[in-house]
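Take a look at the structure set out below.
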There are 2 protein chains.
Amino acid sequence: MTRKGLLTTQRKVIYEIVKQAKDHPTAADIMERLKQGGYSFAYGTVYNSLRYLTEAGMIRELQLEGDASRYDGHVEDHQHVICRLCGKVDEVYTVVPTDWVATVANETGYDIEMEHVVFKGVCPQCQNATKDTNL
Amino acid sequence: MTRKGLLTTQRKVIYEIVKQAKDHPTAADIMERLKQGGYSFAYGTVYNSLRYLTEAGMIRELQLEGDASRYDGHVEDHQHVICRLCGKVDEVYTVVPTDWVATVANETGYDIEMEHVVFKGVCPQCQNATKDTNL
DNA sequence: TTTCTTGCAAAACATTTGCAAATCG
DNA sequence: CGATTTGCAAATGTTTTGCAAGAAA
């Protein structure tokens, strides 16, 4: 798992932030939390560290919609669901049906190695909030 | 479908390029094909047109991995598969299992409205090309 | 010392925006 | 005319890169 280099202070701190975050932060979010925690790392270092941690398999990079990549401390195989209203991103641990993937492989001829699924909808909180309004 | 404004020459030409493309071109790709076709639209106009066409439901914007958005002339509901080796993007028309989506909705509490699925693997051509090598 | 990492600034991209000129109805 | 759209350039936001200084093996 550890190829080259090691966990420097910066990388360790950034790893902890991502690991403990419940909201899939962007690099900018992480910068902000670093400042709040009394750290002041260079932007380049944050990106460097995030790439390192991603390549080491310690975190996952999510490229959902929007400009900035988000980072996820959960490395187990899982998918994501985004709330159309508040933008929240939650984890989905329901496993992708293997027979469906097999069908896709058959129909496309691809040797399929992984799937990234993003569901979109309305989260429970926003469902409540908009119960009487007409969205 | 048509809210405001109409199909100007630029939008029509760009629409035709996306519609006929077989490779999900980026804005830069489209710029290049415009030049090859003898047109010279401003970058801003290309983005403006792509947004217009997307909002009019005439094309789809894909945010796969990498920096640049890709555009797809197929607006029917479908998914995508990317070749890990050559980067090709193909269409997947195998329908997402509804009972799986229902399970995800149950487990997450979300009201799920749509799914974006990206499969990753190796396309038939690259499978052949690497048959004897050890990738 | 030799290699990797940080910090900082500049560069590289993709995309958006502001505004004057052109076009359409 | 009045509204929209184009073209161009400048601005924005994200991510990468170059390089000198610093830290680690």
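Convention: chains lettered A, B, ... in structure tokens order; per-chain residue numbering from 1; ligands numbered from 1 as shown.
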
If we count only C-alpha atoms (C1' of nucleotides), what is near DG18 in chain C at a cut-off of 12 Å, once residues fewer than 5 positions away on the same chain are taken out, given as a PyMOL selection string? (chain B and resi 44) or (chain D and resi 8-11)

Extract, using only C-alpha atoms (C1' of nucleotides), all DNA, RNA and protein residues at most 9 Å from range 4-18 of chain B, discarding same-chain residues fewer than 3 positions from it, and format them as a PyMOL selection string. (chain B and resi 21-25+30+33-34+39+41+45-46+48-50+52-53+58-59+71-73) or (chain D and resi 4-5)

Could you write out the selected residues, including N, CA, C and O atoms (P, O5', C5', C4', C3', O3' and C1' of nucleotides), as a short mmCIF file (atom, residue, chain, number, x, y, z; two decimals), in the first residue's frame?
data_model
loop_
_atom_site.label_atom_id
_atom_site.label_comp_id
_atom_site.auth_asym_id
_atom_site.auth_seq_id
_atom_site.Cartn_x
_atom_site.Cartn_y
_atom_site.Cartn_z
N ALA B 21 -21.63 13.50 -33.67
CA ALA B 21 -20.39 12.98 -33.08
C ALA B 21 -20.64 11.61 -32.48
O ALA B 21 -21.73 11.33 -31.97
N LYS B 22 -19.64 10.77 -32.56
CA LYS B 22 -19.77 9.44 -31.98
C LYS B 22 -18.88 9.31 -30.75
O LYS B 22 -18.70 8.22 -30.23
N ASP B 23 -18.33 10.41 -30.29
CA ASP B 23 -17.33 10.31 -29.24
C ASP B 23 -17.50 11.26 -28.08
O ASP B 23 -16.56 11.53 -27.37
N HIS B 24 -18.69 11.83 -27.89
CA HIS B 24 -18.91 12.70 -26.74
C HIS B 24 -17.86 13.78 -26.64
O HIS B 24 -17.04 13.78 -25.73
N PRO B 25 -17.87 14.73 -27.56
CA PRO B 25 -16.83 15.75 -27.60
C PRO B 25 -16.92 16.77 -26.47
O PRO B 25 -18.01 17.02 -25.93
N ILE B 30 -15.25 20.54 -29.88
CA ILE B 30 -16.24 21.19 -30.75
C ILE B 30 -15.63 22.41 -31.42
O ILE B 30 -15.83 22.63 -32.62
N ARG B 33 -13.63 21.14 -34.30
CA ARG B 33 -14.43 20.69 -35.44
C ARG B 33 -15.09 21.86 -36.15
O ARG B 33 -15.33 21.81 -37.36
N LEU B 34 -15.40 22.90 -35.40
CA LEU B 34 -15.95 24.10 -36.02
C LEU B 34 -14.92 24.68 -36.98
O LEU B 34 -15.24 25.02 -38.12
N TYR B 39 -15.92 27.22 -39.72
CA TYR B 39 -16.54 28.20 -38.84
C TYR B 39 -15.52 28.72 -37.84
O TYR B 39 -14.52 28.08 -37.56
N PHE B 41 -16.36 30.39 -34.34
CA PHE B 41 -17.18 31.00 -33.29
C PHE B 41 -16.31 31.27 -32.08
O PHE B 41 -15.31 30.61 -31.86
N THR B 45 -19.32 31.84 -27.16
CA THR B 45 -20.51 31.47 -27.92
C THR B 45 -20.72 29.96 -27.89
O THR B 45 -21.85 29.48 -27.80
N VAL B 46 -19.64 29.22 -27.97
CA VAL B 46 -19.77 27.77 -27.93
C VAL B 46 -20.35 27.33 -26.59
O VAL B 46 -21.29 26.53 -26.54
N ASN B 48 -22.05 29.17 -24.47
CA ASN B 48 -23.40 29.70 -24.44
C ASN B 48 -24.34 28.76 -25.20
O ASN B 48 -25.39 28.36 -24.68
N SER B 49 -23.95 28.35 -26.38
CA SER B 49 -24.79 27.49 -27.21
C SER B 49 -24.99 26.13 -26.55
O SER B 49 -26.10 25.59 -26.55
N LEU B 50 -23.91 25.59 -25.99
CA LEU B 50 -24.02 24.27 -25.36
C LEU B 50 -24.96 24.34 -24.16
O LEU B 50 -25.76 23.42 -23.94
N TYR B 52 -27.42 26.49 -23.79
CA TYR B 52 -28.75 26.65 -24.36
C TYR B 52 -29.32 25.31 -24.81
O TYR B 52 -30.44 24.94 -24.46
N LEU B 53 -28.53 24.56 -25.57
CA LEU B 53 -29.00 23.29 -26.11
C LEU B 53 -29.28 22.30 -24.99
O LEU B 53 -30.24 21.52 -25.04
N MET B 58 -32.02 19.37 -25.85
CA MET B 58 -31.65 18.85 -27.17
C MET B 58 -30.37 18.02 -27.12
O MET B 58 -30.13 17.18 -27.99
N ILE B 59 -29.53 18.30 -26.14
CA ILE B 59 -28.33 17.50 -25.93
C ILE B 59 -28.17 17.26 -24.42
O ILE B 59 -28.92 17.83 -23.63
N TYR B 71 -20.24 16.38 -24.25
CA TYR B 71 -21.62 16.56 -24.68
C TYR B 71 -22.09 15.40 -25.54
O TYR B 71 -21.32 14.82 -26.30
N ASP B 72 -23.35 15.05 -25.35
CA ASP B 72 -23.91 13.83 -25.90
C ASP B 72 -25.20 14.17 -26.64
O ASP B 72 -26.11 14.77 -26.07
N GLY B 73 -25.26 13.81 -27.90
CA GLY B 73 -26.44 14.09 -28.69
C GLY B 73 -27.59 13.14 -28.44
O GLY B 73 -28.69 13.35 -28.94
P DT D 4 -35.02 39.22 -23.94
"O5'" DT D 4 -34.07 38.53 -25.03
"C5'" DT D 4 -34.64 38.07 -26.25
"C4'" DT D 4 -33.53 37.61 -27.17
"C3'" DT D 4 -32.45 36.78 -26.47
"O3'" DT D 4 -32.20 35.62 -27.27
"C1'" DT D 4 -31.47 38.55 -27.67
P DT D 5 -31.10 34.56 -26.85
"O5'" DT D 5 -29.88 34.98 -27.79
"C5'" DT D 5 -30.09 35.09 -29.19
"C4'" DT D 5 -28.78 35.40 -29.87
"C3'" DT D 5 -27.60 34.58 -29.35
"O3'" DT D 5 -26.85 34.10 -30.46
"C1'" DT D 5 -27.09 36.88 -29.24
#

Measuring between only C-alpha atoms (C1' of nucleotides), which one of A:His78, A:Gln36, A:Tyr47, A:Lys19 shows the shortest distance to DT14 in chain D? A:Tyr47

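Between CA of Val96 in chain A and CA of His116 in chain A lies a distance of 9.6 Å.
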
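Within 6 Å of chain B, and counting only C-alpha atoms, chain A contributes Gly109, Tyr110, Asp111, Ile112, Glu113, Met114, Glu115, His116, Val117, Val118, Phe119, Lys120, Gly121, Val122, Cys123 and Pro124 of chain A.
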
Restricting the output to N, CA, C and O atoms, write the selected residues as a short mmCIF file (atom, residue, chain, number, x, y, z; two decimals), in the first residue's frame.
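File produced: selection.cif:
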data_model
loop_
_atom_site.label_atom_id
_atom_site.label_comp_id
_atom_site.auth_asym_id
_atom_site.auth_seq_id
_atom_site.Cartn_x
_atom_site.Cartn_y
_atom_site.Cartn_z
N GLY A 109 -19.81 -5.62 -24.64
CA GLY A 109 -18.56 -6.27 -24.98
C GLY A 109 -17.40 -5.83 -24.11
O GLY A 109 -16.29 -6.31 -24.24
N TYR A 110 -17.65 -4.88 -23.23
CA TYR A 110 -16.61 -4.41 -22.33
C TYR A 110 -16.33 -5.43 -21.23
O TYR A 110 -17.22 -6.16 -20.80
N ASP A 111 -15.10 -5.46 -20.79
CA ASP A 111 -14.74 -6.16 -19.57
C ASP A 111 -14.90 -5.14 -18.44
O ASP A 111 -14.05 -4.28 -18.24
N ILE A 112 -15.98 -5.22 -17.72
CA ILE A 112 -16.31 -4.17 -16.75
C ILE A 112 -15.64 -4.44 -15.41
O ILE A 112 -15.77 -5.52 -14.84
N GLU A 113 -14.93 -3.43 -14.93
CA GLU A 113 -14.15 -3.61 -13.71
C GLU A 113 -14.73 -2.87 -12.52
O GLU A 113 -14.50 -3.24 -11.38
N MET A 114 -15.45 -1.81 -12.79
CA MET A 114 -16.06 -1.09 -11.66
C MET A 114 -17.21 -0.22 -12.14
O MET A 114 -17.36 0.04 -13.34
N GLU A 115 -18.01 0.23 -11.17
CA GLU A 115 -19.14 1.08 -11.49
C GLU A 115 -19.14 2.27 -10.54
O GLU A 115 -18.83 2.11 -9.38
N HIS A 116 -19.47 3.41 -11.08
CA HIS A 116 -19.69 4.59 -10.25
C HIS A 116 -21.13 5.02 -10.47
O HIS A 116 -21.51 5.36 -11.58
N VAL A 117 -21.89 4.99 -9.39
CA VAL A 117 -23.30 5.33 -9.50
C VAL A 117 -23.58 6.57 -8.66
O VAL A 117 -23.15 6.64 -7.52
N VAL A 118 -24.27 7.50 -9.25
CA VAL A 118 -24.71 8.68 -8.52
C VAL A 118 -26.22 8.79 -8.66
O VAL A 118 -26.73 8.95 -9.78
N PHE A 119 -26.90 8.67 -7.55
CA PHE A 119 -28.35 8.85 -7.54
C PHE A 119 -28.64 10.31 -7.25
O PHE A 119 -27.89 10.96 -6.53
N LYS A 120 -29.72 10.80 -7.82
CA LYS A 120 -30.13 12.17 -7.51
C LYS A 120 -31.58 12.18 -7.09
O LYS A 120 -32.40 11.48 -7.67
N GLY A 121 -31.87 12.98 -6.09
CA GLY A 121 -33.24 13.05 -5.63
C GLY A 121 -33.37 14.07 -4.52
O GLY A 121 -32.67 15.08 -4.53
N VAL A 122 -34.26 13.79 -3.59
CA VAL A 122 -34.51 14.72 -2.49
C VAL A 122 -34.30 13.98 -1.18
O VAL A 122 -34.88 12.91 -0.97
N CYS A 123 -33.48 14.53 -0.31
CA CYS A 123 -33.17 13.88 0.97
C CYS A 123 -34.35 13.99 1.94
O CYS A 123 -35.23 14.83 1.74
N PRO A 124 -34.39 13.16 2.95
CA PRO A 124 -35.50 13.15 3.90
C PRO A 124 -35.78 14.53 4.50
O PRO A 124 -36.95 14.95 4.57
#

List every residue of range 71-126 of chain B that DSSP, applied to the backbone of this structure, places in strand (DSSP E), and write the result as number ranges by chain. B: 71-72, 79-83, 89-92, 111-122

What are the nearest atom pairs, with distances in Å to one decimal, for all residues of chain D that come at most 12 Å from chain A, using only C-alpha atoms (C1' of nucleotides), set out by chain and rising residue number as a tab-separated table?
residue	atom	partner	partner_atom	distance
D:DT12	C1'	A:Asp67	CA	11.7
D:DG13	C1'	A:Asp67	CA	8.0
D:DT14	C1'	A:Ala68	CA	6.3
D:DT15	C1'	A:Tyr47	CA	7.7
D:DT16	C1'	A:Gly44	CA	8.2
D:DT17	C1'	A:Gly44	CA	9.4
D:DG18	C1'	A:Gly44	CA	11.9
D:DA23	C1'	A:Thr8	CA	10.0
D:DA24	C1'	A:Gly5	CA	9.9
D:DA25	C1'	A:Gly5	CA	10.3

What are the closest atom pairs, with distances in Å to one decimal, for each residue of chain C lying within 9 Å of chain B, using only C-alpha atoms (C1' of nucleotides), rows by chain and rising residue number, as CSV?
residue,atom,partner,partner_atom,distance
C:DC13,C1',B:Asp67,CA,8.1
C:DA14,C1',B:Ala68,CA,6.2
C:DT15,C1',B:Tyr47,CA,7.8
C:DT16,C1',B:Gly44,CA,8.2

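We find C1' of DC1 in chain D and C1' of DC24 in chain C to be spaced 11.9 Å apart.
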
Pull the helix (DSSP H, G or I) assignments for chain A out of DSSP run on the backbone, and list those residues as an MDAnalysis selection string. chainID A and resid 9:20 27:36 43:55 98:108 124:129

Could you check how far C1' of DG7 in chain D sits from CA of Gly57 in chain B, in Å to one decimal? 25.4 Å
